[in-house]
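Asker: Pasting a structure below so you can have a look.
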Amino acid sequence: MSRPSPARRLRRAAAVAAVLAGLFAVPPPTTAAPAANAATTPVPGDPLTGSGAVNRTELTAGHLTGGSAEDTVPDNAFALPAQAAPPTHSFEGALTLNGLSTAGGFRALKDPNGYADTAATRHLPPIDIALVQNGSHLVPAKRGLQYTGNQAWNLAVGPGRAWNEDGDGRRTRASLPFALVERNANCVHNGTLTFLFDDTSVSEVRYQITTETCAYFQFDMWGQVSADYRPGPVDGAEALRDAYASEVKDRLPTKPISALATDYPDSGVDVTKFGSGITPSALSTFGFHFGGVHYVGNCRTRQGEYPFCGQLLLPSYSTAKSAFAGTAMLRLAQRYGPAVAQEKLSDRIPEAAGNPAWNDVTLDHTLDMATGNYVSPGYEIDEAGRIMAEFFAAESYADRMRPALSFPRKARPGSKWVYHTSDTFLATRAMNNYLREKAGSDADIFDMLRDDVLEPVGVGPDSLVSSRTDNSPGGAPFGGYGMFWTQDSVAKFAKFLNNDHGTVNGEQILDPALLAATMQRDPDARGMTTTGIKPMKYQNGFWGKEFTSADNPAYTSPFSVPFMSGYGGITVAMMPNGATYYYFSDNNEFSWNAAVAEANKLAPMPSAAATAR
């Protein structure tokens with residue numbers, strides 16, 4: 001699992017404070033917002049049916065037109081209330097928040113590295129976003145990670161809601177989820193903002209951050225600032241509205257986790273075991289996919305429940321080693337043949353050419369963490385060492401490549417497992433250059449994954465962007481971390497691997513033989529044996545954990561569970577009975593055996609031999 005970069009990384013980046021020109025640009029404003037197009041595909045769940053009679057005590061119209069933010073408030077003040085009435089105004093144009101560099105309050109809760117000592121860390125980055133509206137849904141024109149040029153933070157804004165309340169007079173109320181993403185890293189801090197608007201103007205904007213998935217930096221942030229609304233057409237507005245309606249319609253059927261016991265009353269399943277073993281305050285969210293239904297947990301914050309649980313942005317951390325790097329190799333193998341796994345890094349990465357330590361290292365070795373190049377063979381000692389600290393702190397491509405290639409040769413490639421996130425970076429670069437030879441000089445390995453795998457699988461727009469070097473959309477993708485999930489996206493991706501066996505609508509997307517091995521379904525190709533207290537298997541960026549009767553007497557035959565794992569406490573476990581359990585947390589707790597036991601009550605796990613057949 002990738003480790004956090006040192007605090008000096010932010011200080012060293014102090015010179016890079018200018019906002020990237022034109023990143024959030026929208027067309028010039030007109031005098032009034034356009035009316036909603038009646039031909040737009042409605043979003044499922046609309047129209048709202050409330051009366052507007054909302055008993056509101058927090059963030060009232062008075063608060064938003066002349067109040068101040070003294071501290072955080074209950075997060076339900078930002079949520080769509082039960083009696084929300086349909087919106088009378090339709091937002092289309094640009095929203096700009098003013099004075100962010102000096103506004104608001106900040107309270108550090110966990111900060112051993114002193115990140116909050118940097119002034120930019122205690123405030124929001126520039127926010128200038130284009131929005132369109134479909135019924136009661138507000139849709140950002142840009143989804144997923146956006147590079148701001150800010151010293152500390154990049155940004156993501158998710159779809160929100162618009163509605164009317166009697167106490168707001170003739171204005172419509174809006175609420176949007178957003179997330180701050182640590183620059184050059186993968187920590188995500190989730191917040192919400194709200195405001196009132198009519199056809200030409202907005203109130204002040206109230207915002208707060210009360211939750212995160214970040215093991216080493218946790219804080220509350222809040223404020224209220226003036227804002228500008230520039231009404232006007234947004235490019236592709238109708239397509240954005242229709243795409244969001246389709247996105248909502250195509251999400252997996254969802255029920256609360258409590259419904260699992262109701263749906264399977266004779267199983268004896270104990271739903272309290274899902275999410276157990278994780279400190280409640282550190283648990284961002286969890287879910288369980290089984291029998292075609294996505295059973296979801298809540299999204300707890302320090303101020304109650306997050307108002308947009310389904311839009312909570314979650315960091316991949318090292319689940320990207322599986323979902324990006326490993327899966328990209330499986331896709332390349334399906335497109336161009338399985339021999340791609342034997343490509344030598346020295347043939348595909350110019351910086352590695354002529355380096356004896358990398359001459360005989362293949363893509364397969366590198367994705368398996370078996371390059372033979374390391375300092376210490378101990379469990380993740382190198383990952384927490386000096387070379388990897390330099391790698392994580394580096395922002396530019398060249399400064400990352402240098403430490404990635406600096407590990408000395410200690411063993412024959414393919415003979416020893418030693419975990420390095422830098423190895424996945426190298427593998428990703430080698431695949432990128434291989435793809436360029438096959439598909440053209442403009443090809444990009446993450447774009448291939450997005451176009452060939454993620455989008456066909458139905459992964460949402462929030463998960464279709466990867467962090468890159470040089471803090472730029474033109475940089476090299478991280479590979480080993482830097483992706484993002486929502487509840488629906490991670491469940492769909494796991495379903496694609498675990499239930500659909502790498503197919504979409506009957507078309508085989510991933511190489512079936514290599515996928516079977518990766519998913520621990522080939523007894524002759526289990527992967528590398530890891531170090532650690534309880535050794536496991538590791539192959540193509542995926543882990544494999546064996547369960548026997550020693551773990552639970554109910555397991556009459558041994559079986560293996562492939563899983564994706566991420567720094568801080570992230571697991572996506574894909575069981576051989578077709579169930580998937582995931583959780584995102586940030587207290588370095590990796591506890592999911594109980595979920596496997598409960599899943600076994602719903603359908604007994606097939607043996608390893610049966611899975612192979």
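Naming works like this for the structure tokens: A, B, ... for the chains as they're shown, residue 1 at the start of each chain, ligands 1 onward in shown order.
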Please identify which residues in range 169-366 of chain A DSSP calls helix (DSSP H, G or I) from the backbone, and express them as JSON, numbers by chain.
Answerer: {"A": [237, 238, 239, 240, 241, 242, 243, 244, 245, 246, 247, 248, 249, 259, 260, 261, 262, 263, 271, 272, 273, 280, 281, 282, 309, 310, 311, 319, 320, 321, 322, 323, 324, 325, 326, 327, 328, 329, 330, 331, 332, 333, 334, 335, 336, 338, 339, 340, 341, 342, 345, 346, 347, 348, 350, 351, 352, 356, 357, 358, 363, 364, 365, 366]}
Asker: Please list as JSON, numbers by chain every residue within 9 Å of Lys142 in chain A, counting only C-alpha atoms and excluding residues in the same chain fewer than 2 positions away.
Answerer: {"A": [24, 129, 130, 131, 139, 140, 144, 145, 146, 156, 157, 158, 461]}
Asker: Go through A:Met448, A:Val361, A:Val418, A:Leu454 and flag the residue nearest Val504 in chain A, using only C-alpha atoms for the distances.
Answerer: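 That would be A:Leu454, the residue with the smallest distance to Val504 in chain A.
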Asker: Determine, counting only C-alpha atoms, which protein, DNA and RNA residues have an atom within 10 Å of an atom of Gly105 in chain A; residues of the same chain fewer than 2 positions away are not included. Present the result as JSON, numbers by chain.
Answerer: {"A": [69, 70, 71, 72, 102, 103, 107, 122, 123, 208, 220, 221, 222, 223, 224]}
Asker: May I ask for the distance between CA of Ala439 in chain A and CA of Asn540 in chain A, given in Å to one decimal place?
Answerer: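 Between these atoms lies a distance of 22.8 Å.
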Asker: Restricting the calculation to only C-alpha atoms, which member of A:Cys187, A:Ala427, A:Leu515, A:Leu196 is positioned closest to Gly169 in chain A?
Answerer: A:Leu196
Asker: From a backbone DSSP assignment, name each residue in range 42-269 of chain A labelled strand (DSSP E or B), as a PyMOL selection string.
Answerer: chain A and resi 85+93-97+105-110+128-134+137-140+146+153-157+160-164+172-182+188-197+202+205-213+218-225+227-231+254-256
Asker: CA of Thr428 in chain A to CA of Asp444 in chain A: how many Å, to one decimal?
Answerer: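 Rounded to one decimal, the two atoms are 10.1 Å apart.
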Asker: For range 305-315 of chain A, find every residue with an atom within 7 Å (counting only C-alpha atoms), except residues of its own chain fewer than 2 positions away, and show them as a PyMOL selection string.
Answerer: chain A and resi 75-76+78-79+158+177+179+186-188+190+213+298-301+303+317+483-487
Asker: How would the residues just picked look written out with N, CA and C atoms as a PDB file, in the first residue's frame?
Answerer:
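Full text of again-v9.pdb as output:
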ATOM      1  N   ASP A  75     -24.425  17.774   9.282  1.00  0.00           N
ATOM      2  CA  ASP A  75     -24.385  17.626   7.826  1.00  0.00           C
ATOM      3  C   ASP A  75     -25.764  17.502   7.208  1.00  0.00           C
ATOM      4  N   ASN A  76     -26.768  17.135   7.991  1.00  0.00           N
ATOM      5  CA  ASN A  76     -28.109  17.042   7.400  1.00  0.00           C
ATOM      6  C   ASN A  76     -28.659  18.404   7.013  1.00  0.00           C
ATOM      7  N   PHE A  78     -27.269  20.230   4.964  1.00  0.00           N
ATOM      8  CA  PHE A  78     -26.942  20.326   3.543  1.00  0.00           C
ATOM      9  C   PHE A  78     -27.741  19.317   2.709  1.00  0.00           C
ATOM     10  N   ALA A  79     -28.521  18.469   3.364  1.00  0.00           N
ATOM     11  CA  ALA A  79     -29.176  17.354   2.683  1.00  0.00           C
ATOM     12  C   ALA A  79     -30.533  17.747   2.114  1.00  0.00           C
ATOM     13  N   GLY A 158     -19.044  16.780  -7.294  1.00  0.00           N
ATOM     14  CA  GLY A 158     -19.995  15.758  -7.706  1.00  0.00           C
ATOM     15  C   GLY A 158     -21.378  16.332  -7.951  1.00  0.00           C
ATOM     16  N   PRO A 177     -21.938  18.051  -3.381  1.00  0.00           N
ATOM     17  CA  PRO A 177     -20.777  17.438  -2.741  1.00  0.00           C
ATOM     18  C   PRO A 177     -19.495  17.836  -3.455  1.00  0.00           C
ATOM     19  N   ALA A 179     -14.874  17.439  -3.055  1.00  0.00           N
ATOM     20  CA  ALA A 179     -13.772  16.803  -2.345  1.00  0.00           C
ATOM     21  C   ALA A 179     -12.476  17.532  -2.635  1.00  0.00           C
ATOM     22  N   ASN A 186      -3.027  10.845  -2.627  1.00  0.00           N
ATOM     23  CA  ASN A 186      -4.325  10.227  -2.885  1.00  0.00           C
ATOM     24  C   ASN A 186      -5.337  10.445  -1.771  1.00  0.00           C
ATOM     25  N   CYS A 187      -4.957  11.169  -0.713  1.00  0.00           N
ATOM     26  CA  CYS A 187      -5.923  11.448   0.352  1.00  0.00           C
ATOM     27  C   CYS A 187      -7.096  12.255  -0.193  1.00  0.00           C
ATOM     28  N   VAL A 188      -8.303  11.933   0.284  1.00  0.00           N
ATOM     29  CA  VAL A 188      -9.510  12.626  -0.146  1.00  0.00           C
ATOM     30  C   VAL A 188     -10.260  13.122   1.087  1.00  0.00           C
ATOM     31  N   ASN A 190     -13.778  14.962   2.081  1.00  0.00           N
ATOM     32  CA  ASN A 190     -15.089  15.209   1.488  1.00  0.00           C
ATOM     33  C   ASN A 190     -15.876  16.283   2.227  1.00  0.00           C
ATOM     34  N   THR A 213     -10.918  10.130   3.874  1.00  0.00           N
ATOM     35  CA  THR A 213     -10.237   8.838   3.903  1.00  0.00           C
ATOM     36  C   THR A 213      -8.764   9.165   3.765  1.00  0.00           C
ATOM     37  N   ASN A 298     -23.624   3.034   5.573  1.00  0.00           N
ATOM     38  CA  ASN A 298     -23.781   4.486   5.569  1.00  0.00           C
ATOM     39  C   ASN A 298     -22.431   5.166   5.373  1.00  0.00           C
ATOM     40  N   CYS A 299     -22.443   6.488   5.412  1.00  0.00           N
ATOM     41  CA  CYS A 299     -21.240   7.304   5.246  1.00  0.00           C
ATOM     42  C   CYS A 299     -21.177   8.261   6.426  1.00  0.00           C
ATOM     43  N   ARG A 300     -20.607   7.798   7.494  1.00  0.00           N
ATOM     44  CA  ARG A 300     -20.582   8.571   8.737  1.00  0.00           C
ATOM     45  C   ARG A 300     -19.566   9.700   8.653  1.00  0.00           C
ATOM     46  N   THR A 301     -19.918  10.856   9.203  1.00  0.00           N
ATOM     47  CA  THR A 301     -18.996  11.987   9.320  1.00  0.00           C
ATOM     48  C   THR A 301     -18.939  12.414  10.784  1.00  0.00           C
ATOM     49  N   GLN A 303     -20.184  15.027  11.755  1.00  0.00           N
ATOM     50  CA  GLN A 303     -21.410  15.789  11.956  1.00  0.00           C
ATOM     51  C   GLN A 303     -22.629  15.006  11.457  1.00  0.00           C
ATOM     52  N   TYR A 317      -5.923   4.458  -3.463  1.00  0.00           N
ATOM     53  CA  TYR A 317      -4.621   4.009  -3.013  1.00  0.00           C
ATOM     54  C   TYR A 317      -4.226   2.772  -3.821  1.00  0.00           C
ATOM     55  N   MET A 483      -6.224   6.610  -8.268  1.00  0.00           N
ATOM     56  CA  MET A 483      -7.572   6.503  -8.825  1.00  0.00           C
ATOM     57  C   MET A 483      -8.588   6.873  -7.753  1.00  0.00           C
ATOM     58  N   PHE A 484      -9.869   6.877  -8.143  1.00  0.00           N
ATOM     59  CA  PHE A 484     -10.933   7.267  -7.219  1.00  0.00           C
ATOM     60  C   PHE A 484     -12.155   6.391  -7.461  1.00  0.00           C
ATOM     61  N   TRP A 485     -12.899   6.146  -6.396  1.00  0.00           N
ATOM     62  CA  TRP A 485     -14.089   5.302  -6.458  1.00  0.00           C
ATOM     63  C   TRP A 485     -15.291   6.013  -5.869  1.00  0.00           C
ATOM     64  N   THR A 486     -16.475   5.568  -6.255  1.00  0.00           N
ATOM     65  CA  THR A 486     -17.701   5.777  -5.502  1.00  0.00           C
ATOM     66  C   THR A 486     -18.233   4.393  -5.163  1.00  0.00           C
ATOM     67  N   GLN A 487     -19.253   4.309  -4.326  1.00  0.00           N
ATOM     68  CA  GLN A 487     -19.815   3.006  -3.976  1.00  0.00           C
ATOM     69  C   GLN A 487     -20.203   2.213  -5.218  1.00  0.00           C
TER      70      GLN A 487
END
Asker: Within 9 Å of Leu363 in chain A, counting only C-alpha atoms, which residues show up once you throw out same-chain ones fewer than 6 positions away? Write them as a list of chain:residue names, please.
Answerer: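 Residues near the query, excluding close chain neighbours: A:Met329, A:Val340, A:Ala341, A:Gln342, A:Glu343, A:Lys344, A:Leu345, A:Leu426, A:Ala427, A:Thr428, A:Ala430, A:Met431.
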Asker: Of the candidates A:Ala393, A:Val54, A:Leu64, A:Leu138, which shows the shortest atom-to-atom distance to Arg206 in chain A, using only C-alpha atoms?
Answerer: A:Leu64
